[in-house]
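> Contents of protein25.tsv (TSV, C-alpha atoms):
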chain	number	residue	atom	x	y	z
J	9	MET	CA	0.09	-21.91	-7.41
J	10	THR	CA	-0.02	-20.21	-4.01
J	11	GLU	CA	-3.11	-21.15	-2.04
J	12	ILE	CA	-5.53	-18.55	-0.74
J	13	ARG	CA	-6.68	-19.27	2.82
J	14	SER	CA	-8.96	-17.52	5.27
J	15	VAL	CA	-7.40	-16.14	8.45
J	16	ARG	CA	-9.29	-14.69	11.40
J	17	VAL	CA	-7.76	-11.38	12.47
J	18	ALA	CA	-10.49	-10.24	14.89
J	19	ASP	CA	-13.74	-11.55	16.33
J	20	GLY	CA	-16.14	-11.95	13.43
J	21	PHE	CA	-13.60	-10.68	10.89
J	22	SER	CA	-11.56	-12.94	8.62
J	23	VAL	CA	-9.60	-12.22	5.48
J	24	ALA	CA	-8.16	-14.30	2.67
J	25	VAL	CA	-4.38	-14.29	2.39
J	26	PRO	CA	-1.89	-16.00	0.08
J	27	GLN	CA	-0.25	-18.83	1.96
J	28	THR	CA	2.45	-21.38	1.33
J	29	GLU	CA	4.41	-23.47	3.80
J	30	GLY	CA	6.15	-21.14	6.23
J	31	ALA	CA	3.71	-18.25	5.87
J	32	LEU	CA	3.49	-15.83	8.77
J	33	PHE	CA	-0.03	-15.01	9.88
J	34	SER	CA	1.43	-12.30	12.10
J	35	GLU	CA	1.89	-10.06	9.05
J	36	VAL	CA	-1.82	-9.70	8.34
J	37	ASP	CA	-2.45	-9.31	12.06
J	38	PHE	CA	0.06	-6.46	12.12
J	39	ILE	CA	-1.57	-4.76	9.13
J	40	TYR	CA	-5.07	-5.17	10.59
J	41	ASN	CA	-3.94	-3.61	13.87
J	42	GLU	CA	-2.28	-0.69	12.08
J	43	ILE	CA	-5.34	0.10	9.97
J	44	PHE	CA	-8.37	-0.88	12.04
J	45	VAL	CA	-7.17	-0.53	15.63
J	46	GLU	CA	-4.60	2.26	15.49
J	47	ARG	CA	-6.42	3.96	12.59
J	48	ALA	CA	-3.05	4.96	11.19
J	49	TYR	CA	-4.50	6.48	8.01
J	50	LEU	CA	-6.84	8.90	9.77
J	51	ARG	CA	-4.31	10.94	11.74
J	52	HIS	CA	-2.98	14.48	11.56
J	53	GLY	CA	-6.14	15.97	10.14
J	54	ILE	CA	-6.79	13.34	7.46
J	55	GLN	CA	-10.57	13.10	7.03
J	56	LEU	CA	-12.97	11.25	4.75
J	57	THR	CA	-16.70	11.35	4.18
J	58	ASP	CA	-19.31	9.02	2.76
J	59	SER	CA	-18.82	10.58	-0.69
J	60	SER	CA	-15.01	10.50	-0.78
J	61	ARG	CA	-12.98	9.21	-3.70
J	62	VAL	CA	-9.91	7.25	-2.60
J	63	VAL	CA	-6.94	5.78	-4.46
J	64	ASP	CA	-5.41	2.73	-2.75
J	65	ALA	CA	-1.95	2.31	-4.29
J	66	GLY	CA	-0.52	-0.95	-2.99
J	67	ALA	CA	-3.81	-2.48	-1.89
J	68	ASN	CA	-2.30	-5.79	-0.74
J	69	VAL	CA	-5.17	-8.10	0.38
J	70	GLY	CA	-7.53	-5.14	0.79
J	71	LEU	CA	-7.53	-4.27	4.48
J	72	PHE	CA	-7.27	-0.53	3.87
J	73	SER	CA	-10.07	-0.61	1.30
J	74	LEU	CA	-12.23	-2.69	3.66
J	75	PHE	CA	-11.57	-0.20	6.45
J	76	VAL	CA	-12.63	2.72	4.27
J	77	LYS	CA	-15.80	0.93	3.18
J	78	ARG	CA	-16.67	0.03	6.77
J	79	GLU	CA	-16.24	3.60	7.99
J	80	PHE	CA	-17.56	5.35	4.87
J	81	PRO	CA	-19.83	2.96	2.93
J	82	GLY	CA	-20.50	5.44	0.13
J	83	ALA	CA	-16.85	6.06	-0.67
J	84	ARG	CA	-15.50	5.08	-4.08
J	85	ILE	CA	-12.10	3.38	-4.26
J	86	LEU	CA	-9.62	2.71	-7.05
J	87	ALA	CA	-7.27	-0.04	-5.84
J	88	PHE	CA	-4.00	-1.23	-7.41
J	89	GLU	CA	-2.26	-4.54	-6.63
J	90	PRO	CA	0.24	-6.08	-9.08
J	91	ILE	CA	1.12	-9.45	-7.50
J	92	PRO	CA	-1.15	-12.20	-8.94
J	93	ALA	CA	-1.69	-14.23	-5.74
J	94	ILE	CA	-2.26	-11.12	-3.63
J	95	HIS	CA	-4.62	-9.75	-6.26
J	96	ARG	CA	-6.70	-12.93	-6.05
J	97	ALA	CA	-6.94	-12.59	-2.27
J	98	LEU	CA	-7.88	-8.92	-2.63
J	99	LEU	CA	-10.78	-9.74	-4.95
J	100	GLU	CA	-11.95	-12.53	-2.65
J	101	ASN	CA	-11.92	-10.24	0.38
J	102	LEU	CA	-13.85	-7.46	-1.32
J	103	ASP	CA	-16.46	-9.98	-2.47
J	104	GLU	CA	-16.68	-11.76	0.89
J	105	HIS	CA	-17.17	-8.50	2.79
J	106	GLY	CA	-19.60	-7.03	0.26
J	107	ALA	CA	-17.42	-4.03	-0.55
J	108	LYS	CA	-19.08	-2.22	-3.46
J	109	ASP	CA	-17.75	0.61	-5.62
J	110	VAL	CA	-14.17	-0.65	-5.40
J	111	GLU	CA	-12.50	-0.89	-8.80
J	112	VAL	CA	-9.45	-3.16	-8.73
J	113	VAL	CA	-6.57	-2.93	-11.21
J	114	ARG	CA	-3.96	-5.70	-11.35
J	115	ALA	CA	-1.07	-3.37	-11.94
J	116	ALA	CA	1.58	-1.38	-10.15
J	117	LEU	CA	1.95	2.37	-10.49
J	118	GLY	CA	5.04	4.11	-11.79
J	119	ARG	CA	6.45	7.14	-13.56
J	120	GLN	CA	5.84	5.55	-16.97
J	121	ALA	CA	3.73	2.77	-18.43
J	122	GLU	CA	5.49	-0.60	-18.79
J	123	GLU	CA	3.95	-3.85	-19.99
J	124	GLN	CA	6.04	-6.49	-18.20
J	125	VAL	CA	8.02	-5.67	-15.09
J	126	ARG	CA	9.62	-8.15	-12.69
J	127	PHE	CA	8.46	-8.09	-9.09
J	128	THR	CA	9.50	-10.30	-6.19
J	129	PHE	CA	6.65	-12.02	-4.37
J	130	TYR	CA	7.37	-13.31	-0.85
J	131	PRO	CA	4.85	-16.12	-0.20
J	132	ALA	CA	5.71	-16.17	3.51
J	133	LEU	CA	5.54	-12.37	3.84
J	134	PRO	CA	3.34	-11.18	0.96
J	135	GLY	CA	2.92	-7.61	2.18
J	136	ASN	CA	6.64	-7.06	1.59
J	137	SER	CA	6.50	-8.07	-2.08
J	138	THR	CA	8.30	-5.47	-4.15
J	139	ARG	CA	9.86	-4.33	-7.39
J	140	TYR	CA	13.06	-3.62	-5.43
J	141	PRO	CA	13.99	-6.73	-3.41
J	142	GLU	CA	17.48	-5.43	-2.62
J	143	GLN	CA	15.91	-2.88	-0.29
J	144	LYS	CA	14.54	-5.67	1.90
J	145	LYS	CA	18.05	-6.32	3.19
J	146	VAL	CA	17.90	-3.14	5.30
J	147	GLY	CA	17.55	-4.09	8.94
J	148	GLN	CA	17.75	-7.82	8.33
J	149	GLU	CA	20.58	-8.12	10.83
J	150	LEU	CA	18.10	-7.33	13.60
J	151	THR	CA	15.69	-9.95	12.35
J	152	VAL	CA	18.47	-12.53	12.08
J	153	SER	CA	19.47	-11.85	15.68
J	154	GLN	CA	15.88	-12.48	16.77
J	155	ILE	CA	14.89	-15.58	14.79
J	156	GLY	CA	18.08	-16.84	13.12
J	157	GLN	CA	19.47	-16.82	9.59
J	158	GLU	CA	17.71	-20.02	8.51
J	159	ALA	CA	14.28	-18.62	9.41
J	160	VAL	CA	15.03	-15.31	7.66
J	161	ASP	CA	16.16	-17.13	4.52
J	162	ARG	CA	12.94	-19.16	4.52
J	163	ILE	CA	10.69	-16.15	5.11
J	164	MET	CA	12.44	-13.99	2.51
J	165	ALA	CA	12.53	-16.66	-0.21
J	166	GLY	CA	11.09	-14.77	-3.16
J	167	ILE	CA	9.40	-15.79	-6.38
J	168	GLU	CA	9.70	-13.64	-9.49
J	169	VAL	CA	6.42	-12.61	-11.10
J	170	GLU	CA	5.57	-10.15	-13.87
J	171	ALA	CA	3.06	-7.32	-13.80
J	172	GLU	CA	2.03	-4.26	-15.73
J	173	VAL	CA	2.97	-0.78	-14.53
J	174	ARG	CA	0.62	2.13	-15.21
J	175	ARG	CA	0.79	5.86	-14.64
J	176	LEU	CA	-1.71	7.07	-12.06
J	177	SER	CA	-2.84	9.98	-14.24
J	178	ASP	CA	-3.65	7.55	-17.06
J	179	ALA	CA	-5.71	5.41	-14.69
J	180	LEU	CA	-7.55	8.43	-13.30
J	181	ARG	CA	-8.68	9.44	-16.79
J	182	ASP	CA	-10.66	6.19	-16.96
J	183	TRP	CA	-11.94	6.19	-13.37
J	184	ALA	CA	-12.49	9.82	-12.39
J	185	PRO	CA	-11.45	12.26	-15.14
J	186	GLU	CA	-12.42	15.32	-13.10
J	187	GLY	CA	-13.26	16.36	-9.57
J	188	PRO	CA	-11.33	15.87	-6.33
J	189	ILE	CA	-9.36	12.83	-5.22
J	190	ASP	CA	-10.02	13.01	-1.50
J	191	LEU	CA	-7.23	10.65	-0.42
J	192	LEU	CA	-4.24	9.15	-2.18
J	193	LYS	CA	-2.86	6.31	-0.04
J	194	ILE	CA	0.54	4.97	-1.14
J	195	ASP	CA	2.14	1.85	0.35
J	196	VAL	CA	4.22	0.36	-2.45
J	197	GLU	CA	7.40	-1.05	-0.90
J	198	GLY	CA	10.01	1.21	-2.40
J	199	ALA	CA	8.24	2.75	-5.42
J	200	GLU	CA	6.73	5.78	-3.69
J	201	LEU	CA	8.52	8.37	-5.80
J	202	GLU	CA	7.63	6.56	-9.03
J	203	VAL	CA	3.93	6.62	-8.11
J	204	MET	CA	4.11	10.34	-7.36
J	205	GLU	CA	6.02	11.10	-10.56
J	206	GLY	CA	3.29	9.36	-12.57
J	207	LEU	CA	0.77	12.00	-11.51
J	208	ASP	CA	0.49	15.02	-13.81
J	209	ALA	CA	0.51	18.53	-12.35
J	210	ALA	CA	-3.19	19.03	-13.08
J	211	ASP	CA	-4.06	15.82	-11.25
J	212	TRP	CA	-1.90	16.77	-8.27
J	213	GLN	CA	-4.15	19.79	-7.88
J	214	ARG	CA	-7.12	17.43	-7.57
J	215	VAL	CA	-5.55	15.49	-4.68
J	216	ARG	CA	-6.78	16.86	-1.36
J	217	GLN	CA	-4.94	14.53	1.03
J	218	THR	CA	-2.31	11.82	0.88
J	219	VAL	CA	-0.78	9.32	3.29
J	220	ILE	CA	2.44	7.64	2.19
J	221	GLU	CA	4.56	4.95	3.83
J	222	VAL	CA	8.20	5.69	3.06
J	223	GLN	CA	11.35	3.71	3.76
J	224	ASP	CA	13.99	6.41	3.98
J	225	LEU	CA	16.75	5.09	1.73
J	226	ASP	CA	18.93	7.30	-0.50
J	227	GLY	CA	17.13	10.47	0.60
J	228	ARG	CA	13.70	9.20	-0.37
J	229	LEU	CA	11.84	10.75	2.55
J	230	GLU	CA	13.25	14.20	1.77
J	231	ALA	CA	12.37	13.76	-1.92
J	232	VAL	CA	8.78	12.74	-1.10
J	233	ARG	CA	8.40	15.69	1.23
J	234	GLY	CA	9.88	18.00	-1.40
J	235	ILE	CA	7.24	17.00	-3.95
J	236	LEU	CA	4.45	17.52	-1.44
J	237	ASP	CA	5.81	20.89	-0.33
J	238	ALA	CA	6.05	22.02	-3.95
J	239	GLN	CA	2.43	20.99	-4.52
J	240	GLY	CA	1.25	23.14	-1.62
J	241	PHE	CA	0.47	20.50	1.00
J	242	ALA	CA	0.88	20.88	4.74
J	243	VAL	CA	3.07	17.90	5.66
J	244	THR	CA	3.52	15.92	8.87
J	245	VAL	CA	6.03	13.07	9.21
J	246	GLU	CA	6.14	10.49	11.99
J	247	SER	CA	8.12	7.29	12.46
J	248	ALA	CA	6.10	4.20	11.58
J	249	ALA	CA	4.61	2.74	14.75
J	250	ASN	CA	5.60	-0.73	15.95
J	251	LEU	CA	8.65	-1.00	13.70
J	252	PRO	CA	12.26	-0.67	14.93
J	253	GLU	CA	14.02	2.50	13.75
J	254	VAL	CA	16.66	0.43	11.96
J	255	PHE	CA	14.11	-0.32	9.22
J	256	ARG	CA	13.77	3.46	8.58
J	257	TYR	CA	10.03	3.54	7.87
J	258	SER	CA	8.01	6.73	8.22
J	259	MET	CA	4.41	7.72	7.62
J	260	VAL	CA	3.93	10.96	5.70
J	261	TYR	CA	0.61	12.78	6.09
J	262	ALA	CA	-0.21	15.67	3.75
J	263	ARG	CA	-3.33	17.74	3.25
J	264	ARG	CA	-4.35	20.97	1.60
J	265	GLU	CA	-5.18	23.56	4.21
J	266	ASP	CA	-7.63	25.38	1.94
The structure in this file should be written as structure tokens.

Amino acid sequence: MTEIRSVRVADGFSVAVPQTEGALFSEVDFIYNEIFVERAYLRHGIQLTDSSRVVDAGANVGLFSLFVKREFPGARILAFEPIPAIHRALLENLDEHGAKDVEVVRAALGRQAEEQVRFTFYPALPGNSTRYPEQKKVGQELTVSQIGQEAVDRIMAGIEVEAEVRRLSDALRDWAPEGPIDLLKIDVEGAELEVMEGLDAADWQRVRQTVIEVQDLDGRLEAVRGILDAQGFAVTVESAANLPEVFRYSMVYARRED
């Protein structure tokens, strides 16, 4: 079983992360900087309040949820994380930091409900764990040139795990059957379209804002933007900060102007 260890990412702020031999602490440092320092999810007009309802799809170890609770203590959060070891770290972090009103579901989100789906968990790079490991080969040549093939093979050694997949609309019926969803955050390592397609038209009308990390493979960025345009959102796209362009990551910000 992968161990869960505490890592300090800032003065007075530590988080639990899954760790095995060869783990990279720099990953959680990178995520902390993106969320807490650069405030990447509160750009381009994205706003929250102390009464907001937030869906955290791809919660990882919980840094985004912890950020929301620090900035807006009264916010309610529905968080999804399918990988067992990461899910354990997520629960530990929410408890350690006293984050209340965060409901955690150990499941992924998709276009249809599925009981047992294979995911690849990367113990040395847990935030990259995915249902679609073949997509992680994009840009690896650059990484190999920087640290060598042996190191890349060690870091990207994956373990197969199984998890449930749920539709977001089904989950919302249990958590918040009516009223606005103030922010839908999606960071799901290749399954962005599946998450969006699991949201019924009536529930899309409840979503006021969304921020989505997209790796632009096979026209995915255009498809994500097309869904948001069709739903009436004002959309802004920017390249993901601090990542080389070869990895093809973008951040998509969308909000309803009314």
> What does the distance between atom CA of J:Pro131 and atom CA of J:Ala67 come to in Å, to one decimal place?
16.2 Å
> Any idea what the distance is between atom CA of J:Pro141 and atom CA of J:Thr128?
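If I compute the distance from atom CA of J:Pro141 to atom CA of J:Thr128, I get 6.4 Å.
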> With the cut-off set at 8 Å and counting only C-alpha atoms, tabulate each residue of stretch 156-221 of chain J with an atom at most that distance from an atom of stretch 80-93 of chain J, showing the nearest atom pair and its distance in Å to one decimal, ordered by chain and increasing number, as a tab-separated table.

residue	atom	partner	partner_atom	distance
J:Val169	CA	J:Ile91	CA	7.1
J:Glu170	CA	J:Ile91	CA	7.8
J:Ala171	CA	J:Pro90	CA	5.6
J:Glu172	CA	J:Pro90	CA	7.1
J:Trp183	CA	J:Leu86	CA	7.6
> State, in Å with one decimal place, the distance from atom CA of J:Arg264 to atom CA of J:Gly227.
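Atom CA of J:Arg264 sits 23.9 Å away from atom CA of J:Gly227.
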> Any chance you could tabulate, as a tab-separated table, the residues of stretch 193-254 of chain J at most 6 Å from stretch 52-66 of chain J with each one's nearest atom pair and distance in Å to one decimal, using only C-alpha atoms, in chain and rising number order?

residue	atom	partner	partner_atom	distance
J:Lys193	CA	J:Asp64	CA	5.2
J:Ile194	CA	J:Ala65	CA	4.8
J:Asp195	CA	J:Gly66	CA	5.1
J:Val196	CA	J:Gly66	CA	4.9
